[in-house]
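Peer 1: Sharing a structure, written as structure tokens. Questions coming.
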Amino acid sequence: MIDLRKRGLPDSIDVNGKPVPVLTDFRVWIAWLHDLEESKRVPLYIFPDGVELPAKEAWLPAALEFAKAPSATPKAKNASKDKAFDFVLDGDYIAASFMQAYGIDLTECSMHWHLFKALFMSLPNDTKMAQIMGYRLYSPADAKKKPETVQANLKDAWKLPSADDAAIIERQRELFGELV
């Protein structure tokens, strides 16, 4: 999540109350998440050379939190288990969609991972990548829903959390890390 109350974007993860520097370029995090998923090993190349690392058990949840950069909305009920995108396999479509929507050449630019994720998740519906994600998440059951039901579900999913909800979510993250 990008916090607009602060200047810039984070360049470290919080490990037991201590900031640990990380590389922030989107390419590093795409590669890290891909390697983590594919090889089931935990690569260290998200850290700049010379950084003293605490035990993996201490920094891995913080790194996953940085990678996921969760937002408070939308809250999906019965979300599809289908994978909507793959940053590696869909590279052509993602690059073309960024060029179309934002005029950004992802093959040449440097961009913070959190900004990349925000732009990616906000791609306009007329971009190829947004269309592909829609195809992959299509459900015949959803197509049969009345427009009023669809709108009510969207309203509920995009409703801002109350102060109580935010406190509960934060406490759950403290207790359960990346599982929340």
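By order in the structure tokens, chains are A, B, ...; within a chain, residues start at 1; ligands start at 1, following the order shown.
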Name the residues of chain A that fall into strand (DSSP E) according to DSSP on the backbone, using the chain letters and numbers of this document, as a list of chain:residue names.
Peer 2: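 Listing strand (DSSP E) positions across chain A yields A:Ser12, A:Ile13, A:Asp14, A:Val15, A:Lys18, A:Pro19, A:Val20, A:Pro21.
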Peer 1: So which residues of region 4-123 of chain A fall under helix (DSSP H, G or I) by DSSP, listed as a count of residues only?
Peer 2: 48
Peer 1: Which polymer residues have any atom within 9 Å of an atom of Asp90 (chain A), counting only C-alpha atoms, with same-chain residues fewer than 5 positions away left out, as a short mmCIF file (atom, residue, chain, number, x, y, z; two decimals) with C-alpha atoms, in the first residue's frame?
Peer 2:
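Dumped to result-v3.cif:
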data_model
loop_
_atom_site.label_atom_id
_atom_site.label_comp_id
_atom_site.auth_asym_id
_atom_site.auth_seq_id
_atom_site.Cartn_x
_atom_site.Cartn_y
_atom_site.Cartn_z
CA PHE A 85 -1.75 -13.14 -14.28
CA ALA A 95 4.66 -4.13 -21.14
CA MET A 129 -3.67 -7.28 -19.84
#
Peer 1: May I ask for the distance between CA of Ser39 (chain A) and CA of Leu64 (chain A), given in Å to one decimal place?
Peer 2: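 Computing it gives 15.8 Å between the two atoms.
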